[in-house]
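Okay, final07.cif is below, mmCIF, C-alpha atoms:
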```cif
data_my_file
#
loop_
_atom_site.label_atom_id
_atom_site.label_comp_id
_atom_site.auth_asym_id
_atom_site.auth_seq_id
_atom_site.Cartn_x
_atom_site.Cartn_y
_atom_site.Cartn_z
CA MET A 1 -43.47 58.50 21.58
CA VAL A 2 -41.86 59.51 24.86
CA VAL A 3 -40.33 56.53 26.64
CA SER A 4 -40.06 56.79 30.39
CA ILE A 5 -37.25 55.31 32.41
CA ASP A 6 -36.90 55.25 36.19
CA ALA A 7 -33.27 54.71 37.15
CA ARG A 8 -31.55 54.20 40.46
CA ARG A 9 -27.85 54.15 41.17
CA ARG A 10 -26.48 50.74 42.08
CA ALA A 11 -25.04 50.33 45.58
CA ALA A 12 -21.66 51.99 46.13
CA ASN A 13 -20.05 48.59 46.60
CA ASP A 14 -21.34 47.43 43.21
CA ALA A 15 -18.36 47.35 40.87
CA SER A 16 -20.47 48.47 37.90
CA LYS A 17 -21.05 51.91 39.47
CA ALA A 18 -23.95 52.37 37.09
CA TRP A 19 -27.71 52.80 37.19
CA GLN A 20 -30.39 50.17 37.08
CA VAL A 21 -33.84 50.46 35.49
CA PHE A 22 -36.75 50.17 37.92
CA THR A 23 -40.47 49.83 37.38
CA HIS A 24 -43.54 50.57 39.49
CA GLY A 25 -42.50 53.99 40.66
CA GLY A 26 -38.98 52.88 41.44
CA ARG A 27 -39.88 49.92 43.61
CA SER A 28 -39.10 46.96 41.33
CA PRO A 29 -35.60 46.39 39.97
CA THR A 30 -35.45 45.00 36.43
CA GLY A 31 -31.76 44.05 36.33
CA LEU A 32 -31.45 46.19 33.18
CA ASP A 33 -28.64 48.71 32.89
CA ALA A 34 -30.03 52.19 32.32
CA LEU A 35 -27.52 53.19 29.65
CA GLU A 36 -27.98 49.99 27.68
CA TRP A 37 -31.72 50.36 28.01
CA VAL A 38 -31.89 53.91 26.65
CA ALA A 39 -29.65 53.00 23.72
CA ARG A 40 -32.01 50.13 22.96
CA ALA A 41 -35.08 52.36 23.30
CA GLU A 42 -33.57 54.80 20.81
CA LYS A 43 -32.75 52.00 18.40
CA LEU A 44 -36.32 50.70 18.68
CA GLY A 45 -37.70 54.08 17.75
CA ALA A 46 -38.26 56.15 20.91
CA GLY A 47 -38.62 59.83 20.06
CA GLU A 48 -37.68 61.17 23.45
CA ILE A 49 -36.61 59.86 26.85
CA LEU A 50 -38.16 60.94 30.14
CA LEU A 51 -35.41 60.12 32.61
CA THR A 52 -36.31 60.05 36.29
CA SER A 53 -33.73 59.56 39.01
CA MET A 54 -35.46 57.59 41.75
CA ASP A 55 -32.60 58.52 44.08
CA ARG A 56 -33.45 62.20 43.71
CA ASP A 57 -37.19 62.14 43.07
CA GLY A 58 -38.98 64.09 45.78
CA THR A 59 -35.78 65.21 47.51
CA ARG A 60 -35.42 68.69 45.97
CA ASN A 61 -31.65 68.10 46.21
CA GLY A 62 -31.11 68.51 42.48
CA TYR A 63 -31.24 66.29 39.43
CA ASP A 64 -28.76 63.42 39.20
CA ILE A 65 -26.44 65.26 36.86
CA GLU A 66 -24.05 62.35 36.40
CA LEU A 67 -26.92 60.09 35.33
CA THR A 68 -28.41 62.77 33.08
CA ARG A 69 -25.05 63.35 31.39
CA ALA A 70 -24.42 59.62 30.96
CA VAL A 71 -27.82 59.14 29.35
CA SER A 72 -27.64 62.23 27.13
CA ASN A 73 -24.22 61.04 25.95
CA SER A 74 -25.66 57.60 25.15
CA VAL A 75 -28.46 58.73 22.83
CA ARG A 76 -29.15 61.37 20.18
CA ILE A 77 -32.85 61.81 20.99
CA PRO A 78 -33.90 64.51 23.47
CA VAL A 79 -33.71 63.71 27.18
CA ILE A 80 -36.09 65.26 29.71
CA ALA A 81 -34.44 65.32 33.14
CA SER A 82 -36.72 64.51 36.07
CA GLY A 83 -36.38 64.00 39.80
CA GLY A 84 -34.89 66.33 42.38
CA ALA A 85 -35.54 69.88 41.21
CA GLY A 86 -35.59 72.25 44.18
CA LYS A 87 -33.63 75.35 43.21
CA LEU A 88 -33.16 77.48 40.13
CA GLU A 89 -29.58 76.25 39.81
CA HIS A 90 -30.82 72.69 39.41
CA PHE A 91 -32.57 73.44 36.13
CA TYR A 92 -29.47 75.18 34.86
CA GLU A 93 -27.19 72.27 35.80
CA ALA A 94 -29.44 69.70 34.12
CA LEU A 95 -29.59 71.70 30.89
CA THR A 96 -25.86 72.47 30.78
CA GLU A 97 -23.69 69.93 32.66
CA GLY A 98 -26.37 67.27 32.35
CA GLY A 99 -26.97 67.81 28.64
CA ALA A 100 -30.76 67.53 29.04
CA SER A 101 -33.00 69.00 26.34
CA ALA A 102 -35.75 69.81 28.81
CA VAL A 103 -36.37 69.72 32.52
CA LEU A 104 -39.42 68.43 34.33
CA ALA A 105 -40.69 69.83 37.58
CA ALA A 106 -43.81 69.45 39.60
CA SER A 107 -44.12 69.92 43.30
CA LEU A 108 -42.20 73.14 43.72
CA PHE A 109 -44.67 74.87 41.45
CA HIS A 110 -47.64 73.52 43.38
CA PHE A 111 -46.52 75.41 46.40
CA GLY A 112 -45.60 78.63 44.70
CA GLU A 113 -41.98 78.83 45.85
CA TYR A 114 -40.93 79.82 42.39
CA LYS A 115 -42.87 81.01 39.43
CA ILE A 116 -42.12 79.29 36.17
CA ALA A 117 -41.30 82.70 34.73
CA ASP A 118 -38.58 83.08 37.40
CA VAL A 119 -36.97 79.86 36.24
CA LYS A 120 -37.10 80.92 32.61
CA ASN A 121 -35.66 84.34 33.35
CA TYR A 122 -32.92 82.78 35.44
CA LEU A 123 -32.00 80.41 32.60
CA ARG A 124 -32.19 83.10 29.92
CA GLU A 125 -29.88 85.37 31.91
CA ARG A 126 -27.37 82.54 31.84
CA GLY A 127 -27.65 82.00 28.12
CA VAL A 128 -29.85 78.91 28.10
CA ILE A 129 -32.43 78.87 25.33
CA VAL A 130 -35.85 78.37 26.87
CA ARG A 131 -39.24 77.78 25.35
CA MET B 132 -39.84 73.46 31.04
CA VAL B 133 -42.12 70.44 31.21
CA VAL B 134 -44.54 70.68 34.11
CA SER B 135 -45.81 67.41 35.51
CA ILE B 136 -49.27 66.88 36.90
CA ASP B 137 -50.64 63.76 38.55
CA ALA B 138 -54.44 63.80 38.45
CA ARG B 139 -57.06 61.53 39.89
CA ARG B 140 -60.77 61.54 39.23
CA ARG B 141 -62.88 62.71 42.14
CA ALA B 142 -65.28 60.19 43.67
CA ALA B 143 -68.36 59.45 41.60
CA ASN B 144 -70.56 61.03 44.26
CA ASP B 145 -68.59 64.27 44.09
CA ALA B 146 -70.79 66.79 42.31
CA SER B 147 -67.77 68.39 40.58
CA LYS B 148 -67.11 65.23 38.52
CA ALA B 149 -63.63 66.53 37.84
CA TRP B 150 -60.01 65.62 38.54
CA GLN B 151 -57.89 66.61 41.48
CA VAL B 152 -54.13 67.25 41.47
CA PHE B 153 -52.09 64.86 43.61
CA THR B 154 -48.47 64.90 44.68
CA HIS B 155 -46.03 62.26 45.84
CA GLY B 156 -46.79 59.71 43.19
CA GLY B 157 -50.53 60.14 43.50
CA ARG B 158 -50.77 59.66 47.24
CA SER B 159 -51.34 63.20 48.50
CA PRO B 160 -54.38 65.20 47.41
CA THR B 161 -53.78 68.94 46.97
CA GLY B 162 -57.38 70.09 46.71
CA LEU B 163 -56.46 71.74 43.39
CA ASP B 164 -58.63 71.18 40.34
CA ALA B 165 -56.59 69.70 37.51
CA LEU B 166 -58.06 71.86 34.77
CA GLU B 167 -57.60 75.08 36.73
CA TRP B 168 -54.08 74.01 37.60
CA VAL B 169 -52.95 73.35 34.02
CA ALA B 170 -54.43 76.66 32.86
CA ARG B 171 -52.43 78.36 35.61
CA ALA B 172 -49.27 76.45 34.71
CA GLU B 173 -49.62 77.59 31.10
CA LYS B 174 -50.18 81.19 32.18
CA LEU B 175 -47.07 81.03 34.40
CA GLY B 176 -44.97 79.89 31.45
CA ALA B 177 -44.98 76.07 31.29
CA GLY B 178 -43.81 74.88 27.88
CA GLU B 179 -45.42 71.49 28.02
CA ILE B 180 -47.59 69.42 30.36
CA LEU B 181 -46.87 65.84 31.34
CA LEU B 182 -50.29 64.59 32.40
CA THR B 183 -50.47 61.36 34.36
CA SER B 184 -53.75 59.70 35.29
CA MET B 185 -53.17 58.10 38.67
CA ASP B 186 -56.36 56.10 38.14
CA ARG B 187 -54.87 54.44 35.08
CA ASP B 188 -51.14 54.41 35.88
CA GLY B 189 -49.88 50.84 35.93
CA THR B 190 -53.21 49.33 34.87
CA ARG B 191 -52.57 48.94 31.12
CA ASN B 192 -56.28 49.63 30.68
CA GLY B 193 -55.71 52.67 28.52
CA TYR B 194 -55.11 56.37 29.07
CA ASP B 195 -57.85 58.40 30.73
CA ILE B 196 -59.10 59.85 27.46
CA GLU B 197 -61.73 62.08 29.06
CA LEU B 198 -59.07 63.66 31.29
CA THR B 199 -56.62 64.00 28.42
CA ARG B 200 -59.23 65.69 26.24
CA ALA B 201 -60.32 68.02 29.05
CA VAL B 202 -56.71 69.10 29.66
CA SER B 203 -55.79 69.45 26.00
CA ASN B 204 -58.90 71.60 25.54
CA SER B 205 -57.86 73.77 28.50
CA VAL B 206 -54.39 74.73 27.26
CA ARG B 207 -52.58 75.55 24.03
CA ILE B 208 -49.22 74.04 25.03
CA PRO B 209 -48.47 70.41 24.14
CA VAL B 210 -49.81 67.69 26.44
CA ILE B 211 -48.00 64.37 26.90
CA ALA B 212 -50.51 61.69 27.95
CA SER B 213 -49.29 59.24 30.58
CA GLY B 214 -50.70 56.37 32.59
CA GLY B 215 -52.44 53.26 31.38
CA ALA B 216 -50.94 52.35 28.00
CA GLY B 217 -51.33 48.65 27.33
CA LYS B 218 -52.41 48.22 23.72
CA LEU B 219 -51.64 49.86 20.40
CA GLU B 220 -55.15 51.33 20.31
CA HIS B 221 -54.45 53.24 23.51
CA PHE B 222 -51.77 55.37 21.87
CA TYR B 223 -54.08 56.08 18.97
CA GLU B 224 -56.96 57.10 21.24
CA ALA B 225 -54.80 59.45 23.29
CA LEU B 226 -53.44 61.19 20.19
CA THR B 227 -56.81 61.49 18.46
CA GLU B 228 -59.80 61.53 20.84
CA GLY B 229 -57.61 62.68 23.71
CA GLY B 230 -55.94 65.46 21.76
CA ALA B 231 -52.51 64.66 23.21
CA SER B 232 -49.40 65.86 21.36
CA ALA B 233 -47.35 62.92 22.55
CA VAL B 234 -47.79 59.71 24.47
CA LEU B 235 -45.61 58.32 27.22
CA ALA B 236 -45.09 54.65 27.84
CA ALA B 237 -42.75 52.62 29.95
CA SER B 238 -43.40 49.20 31.32
CA LEU B 239 -44.81 47.52 28.25
CA PHE B 240 -41.55 48.18 26.42
CA HIS B 241 -39.49 46.74 29.26
CA PHE B 242 -41.08 43.41 28.73
CA GLY B 243 -40.98 43.37 24.99
CA GLU B 244 -44.68 42.90 24.32
CA TYR B 245 -44.54 45.51 21.62
CA LYS B 246 -41.68 47.11 19.83
CA ILE B 247 -41.77 50.85 19.58
CA ALA B 248 -41.60 50.51 15.81
CA ASP B 249 -44.85 48.49 15.93
CA VAL B 250 -46.57 51.35 17.71
CA LYS B 251 -45.27 53.90 15.23
CA ASN B 252 -46.28 51.78 12.25
CA TYR B 253 -49.72 51.22 13.74
CA LEU B 254 -50.17 54.97 14.22
CA ARG B 255 -48.81 55.88 10.79
CA GLU B 256 -51.18 53.45 9.11
CA ARG B 257 -54.00 55.33 10.80
CA GLY B 258 -52.80 58.72 9.65
CA VAL B 259 -51.21 59.91 12.89
CA ILE B 260 -48.00 61.88 12.40
CA VAL B 261 -45.29 60.24 14.47
CA ARG B 262 -41.76 61.31 15.20
#
```
Target encoding structure tokens, full file:
Amino acid sequence: MVVSIDARRRAANDASKAWQVFTHGGRSPTGLDALEWVARAEKLGAGEILLTSMDRDGTRNGYDIELTRAVSNSVRIPVIASGGAGKLEHFYEALTEGGASAVLAASLFHFGEYKIADVKNYLRERGVIVR
Amino acid sequence: MVVSIDARRRAANDASKAWQVFTHGGRSPTGLDALEWVARAEKLGAGEILLTSMDRDGTRNGYDIELTRAVSNSVRIPVIASGGAGKLEHFYEALTEGGASAVLAASLFHFGEYKIADVKNYLRERGVIVR
């Protein structure tokens, strides 16, 4: 059971400086704190978390590494990072600094900018175990 | 490397009767055939496919089992079914008839209709191996 969470950073003037869970493709705020929510999902039996940053999704500016790290530190189950991949370095960052177990990517492969094999070779050269 | 694909069934009057790959949350058609695309993704080195039915996403009417089966028959890598989960039976269908290796769910857990443990118990009682 993979449980999906769409998270968005709260406004900079929000004292909590955290991330909120959204639904409906990131359009509807739930009021739930992302880190509390993933801890609860793990406790309830989730086998894996698909974590999408709605701030980064579609931007190709990189995964939200701070969010990914915060979530991967909050749970013991694997975290798939999603949202923002645009360069080879982004996968590496998510899997190292971000602590993700896997990375998700879509659109950049549609358009052939990188081959998946390029990403895997890049990661392997840097010591990241890839399947 | 999990590769994500958003697919939508072609119009009923389309002779191909197949699924097309979309981008941008299901809004932009690519012209690519979903089954050809996943076979290519596997060949290029994808480790896993996250398959979302844009026809079912958000409906809670169940996964697109025909799509899930067609994709899982087209590749040897694991397929995570996504889009449409609303009842316990839907998870079971995706993992059995659909041939999915894992199921993804989100919104129904936000609102507490089912606990994840309920889903896992339901599946275990029916002989599905759950982690």
Chain B contacts on chain A, all atoms listed in the file, 6 Å, as a ChimeraX atom specification: /A:1-4,44-45,47,102-106,116-117,131
Straight-line distance linking atom CA of B:Arg139 with atom CA of A:Asp64, stated in Å to one decimal: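 Atom CA of A:Asp64 lies at a distance of 28.4 Å from atom CA of B:Arg139.
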How would chain B read as a short mmCIF file (atom, residue, chain, number, x, y, z; two decimals) with C-alpha atoms, keeping the file's coordinate frame after a least-squares superposition onto chain A over every Cα atom, matched in order?
```cif
data_model
loop_
_atom_site.label_atom_id
_atom_site.label_comp_id
_atom_site.auth_asym_id
_atom_site.auth_seq_id
_atom_site.Cartn_x
_atom_site.Cartn_y
_atom_site.Cartn_z
CA MET B 132 -43.48 58.53 21.59
CA VAL B 133 -41.86 59.53 24.86
CA VAL B 134 -40.33 56.55 26.63
CA SER B 135 -40.05 56.80 30.38
CA ILE B 136 -37.24 55.32 32.42
CA ASP B 137 -36.90 55.26 36.19
CA ALA B 138 -33.27 54.71 37.16
CA ARG B 139 -31.56 54.20 40.46
CA ARG B 140 -27.86 54.15 41.18
CA ARG B 141 -26.48 50.75 42.08
CA ALA B 142 -25.03 50.32 45.57
CA ALA B 143 -21.66 51.95 46.12
CA ASN B 144 -20.06 48.54 46.58
CA ASP B 145 -21.36 47.38 43.21
CA ALA B 146 -18.37 47.27 40.87
CA SER B 147 -20.49 48.42 37.90
CA LYS B 148 -21.06 51.87 39.48
CA ALA B 149 -23.96 52.36 37.11
CA TRP B 150 -27.73 52.81 37.19
CA GLN B 151 -30.39 50.16 37.09
CA VAL B 152 -33.84 50.46 35.50
CA PHE B 153 -36.76 50.18 37.93
CA THR B 154 -40.47 49.84 37.37
CA HIS B 155 -43.53 50.58 39.46
CA GLY B 156 -42.49 53.98 40.65
CA GLY B 157 -38.97 52.90 41.46
CA ARG B 158 -39.85 49.92 43.61
CA SER B 159 -39.09 46.98 41.33
CA PRO B 160 -35.58 46.41 39.98
CA THR B 161 -35.43 45.00 36.44
CA GLY B 162 -31.76 44.06 36.34
CA LEU B 163 -31.44 46.20 33.19
CA ASP B 164 -28.63 48.72 32.90
CA ALA B 165 -30.02 52.19 32.32
CA LEU B 166 -27.52 53.20 29.66
CA GLU B 167 -27.98 49.99 27.68
CA TRP B 168 -31.73 50.36 28.00
CA VAL B 169 -31.91 53.92 26.64
CA ALA B 170 -29.65 53.00 23.72
CA ARG B 171 -32.03 50.14 22.96
CA ALA B 172 -35.09 52.37 23.30
CA GLU B 173 -33.57 54.81 20.81
CA LYS B 174 -32.76 51.99 18.39
CA LEU B 175 -36.34 50.69 18.66
CA GLY B 176 -37.70 54.11 17.73
CA ALA B 177 -38.26 56.17 20.90
CA GLY B 178 -38.62 59.85 20.06
CA GLU B 179 -37.68 61.17 23.44
CA ILE B 180 -36.61 59.87 26.85
CA LEU B 181 -38.14 60.96 30.14
CA LEU B 182 -35.40 60.13 32.62
CA THR B 183 -36.29 60.05 36.30
CA SER B 184 -33.71 59.56 39.03
CA MET B 185 -35.46 57.59 41.75
CA ASP B 186 -32.61 58.53 44.09
CA ARG B 187 -33.44 62.20 43.71
CA ASP B 188 -37.20 62.15 43.07
CA GLY B 189 -38.99 64.10 45.77
CA THR B 190 -35.78 65.22 47.50
CA ARG B 191 -35.41 68.70 45.97
CA ASN B 192 -31.66 68.13 46.21
CA GLY B 193 -31.11 68.53 42.50
CA TYR B 194 -31.24 66.30 39.44
CA ASP B 195 -28.77 63.42 39.22
CA ILE B 196 -26.45 65.27 36.86
CA GLU B 197 -24.04 62.36 36.42
CA LEU B 198 -26.92 60.11 35.34
CA THR B 199 -28.39 62.77 33.08
CA ARG B 200 -25.04 63.35 31.39
CA ALA B 201 -24.41 59.62 30.98
CA VAL B 202 -27.83 59.14 29.33
CA SER B 203 -27.63 62.22 27.14
CA ASN B 204 -24.21 61.03 25.96
CA SER B 205 -25.66 57.59 25.16
CA VAL B 206 -28.45 58.73 22.83
CA ARG B 207 -29.14 61.36 20.18
CA ILE B 208 -32.84 61.81 20.99
CA PRO B 209 -33.89 64.51 23.46
CA VAL B 210 -33.70 63.71 27.18
CA ILE B 211 -36.08 65.28 29.70
CA ALA B 212 -34.42 65.33 33.15
CA SER B 213 -36.70 64.52 36.07
CA GLY B 214 -36.39 64.03 39.80
CA GLY B 215 -34.91 66.33 42.38
CA ALA B 216 -35.54 69.90 41.22
CA GLY B 217 -35.58 72.27 44.17
CA LYS B 218 -33.63 75.37 43.21
CA LEU B 219 -33.17 77.50 40.11
CA GLU B 220 -29.59 76.26 39.80
CA HIS B 221 -30.83 72.70 39.42
CA PHE B 222 -32.57 73.46 36.13
CA TYR B 223 -29.46 75.19 34.86
CA GLU B 224 -27.20 72.28 35.81
CA ALA B 225 -29.43 69.71 34.14
CA LEU B 226 -29.58 71.69 30.89
CA THR B 227 -25.86 72.46 30.79
CA GLU B 228 -23.68 69.93 32.65
CA GLY B 229 -26.36 67.27 32.36
CA GLY B 230 -26.96 67.81 28.66
CA ALA B 231 -30.74 67.53 29.05
CA SER B 232 -32.97 69.01 26.33
CA ALA B 233 -35.72 69.81 28.80
CA VAL B 234 -36.36 69.72 32.51
CA LEU B 235 -39.41 68.44 34.33
CA ALA B 236 -40.66 69.84 37.58
CA ALA B 237 -43.79 69.45 39.60
CA SER B 238 -44.11 69.89 43.30
CA LEU B 239 -42.20 73.12 43.74
CA PHE B 240 -44.67 74.87 41.46
CA HIS B 241 -47.64 73.52 43.39
CA PHE B 242 -46.53 75.38 46.42
CA GLY B 243 -45.59 78.59 44.74
CA GLU B 244 -41.98 78.80 45.86
CA TYR B 245 -40.94 79.80 42.39
CA LYS B 246 -42.89 80.98 39.44
CA ILE B 247 -42.13 79.30 36.18
CA ALA B 248 -41.30 82.70 34.72
CA ASP B 249 -38.59 83.09 37.39
CA VAL B 250 -36.99 79.86 36.24
CA LYS B 251 -37.12 80.89 32.60
CA ASN B 252 -35.68 84.33 33.34
CA TYR B 253 -32.93 82.78 35.44
CA LEU B 254 -32.03 80.42 32.59
CA ARG B 255 -32.22 83.09 29.90
CA GLU B 256 -29.90 85.36 31.86
CA ARG B 257 -27.39 82.52 31.81
CA GLY B 258 -27.66 81.99 28.08
CA VAL B 259 -29.87 78.90 28.08
CA ILE B 260 -32.46 78.84 25.30
CA VAL B 261 -35.87 78.35 26.88
CA ARG B 262 -39.24 77.77 25.32
#
```
Atom-to-atom span, atom CA of A:Leu51 and atom CA of A:Ala18, Å: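 Atom-to-atom, atom CA of A:Leu51 to atom CA of A:Ala18, that is 14.5 Å.
Put simply, atom CA of B:Arg207 is 18.5 Å away from atom CA of B:Ile260.
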Test item: axis-aligned box, all listed atoms of stretch 207-214 of chain B, 3 Å on each side, centre and edges in Å rounded to one decimal, as lines of an AutoDock Vina configuration file:
```
center_x = -50.3
center_y = 66.0
center_z = 28.3
size_x = 10.6
size_y = 25.2
size_z = 14.6
```
Distance criterion (all atoms listed in the file): nearest to B:Tyr223 out of B:Ser205, B:Gln151, B:Asn252, B:Ser184: B:Asn252
Among the residues A:Gly99, A:Asp33, A:Ala11, A:Val128, the one that comes closest to A:Thr68 [using all atoms listed in the file]: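 Looking at the shortest contact to A:Thr68, the residue is A:Gly99.
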Explicit residues for the PyMOL selection byres ((chain B and resi 221) around 12) (as a PyMOL selection string): chain B and resi 187+191-196+212-220+222-229+231+234-236+250+253-254
Exercise: B:Trp150 partners within 8 Å, all atoms listed in the file, chain neighbours under 2 positions left out, as a ChimeraX atom specification: /B:138-141,148,152,164-166,198
Of the listed residues A:Ala39, A:Ile77, A:Met54, A:Ala70, that which approaches A:Arg27 most closely, counting only C-alpha atoms: A:Met54
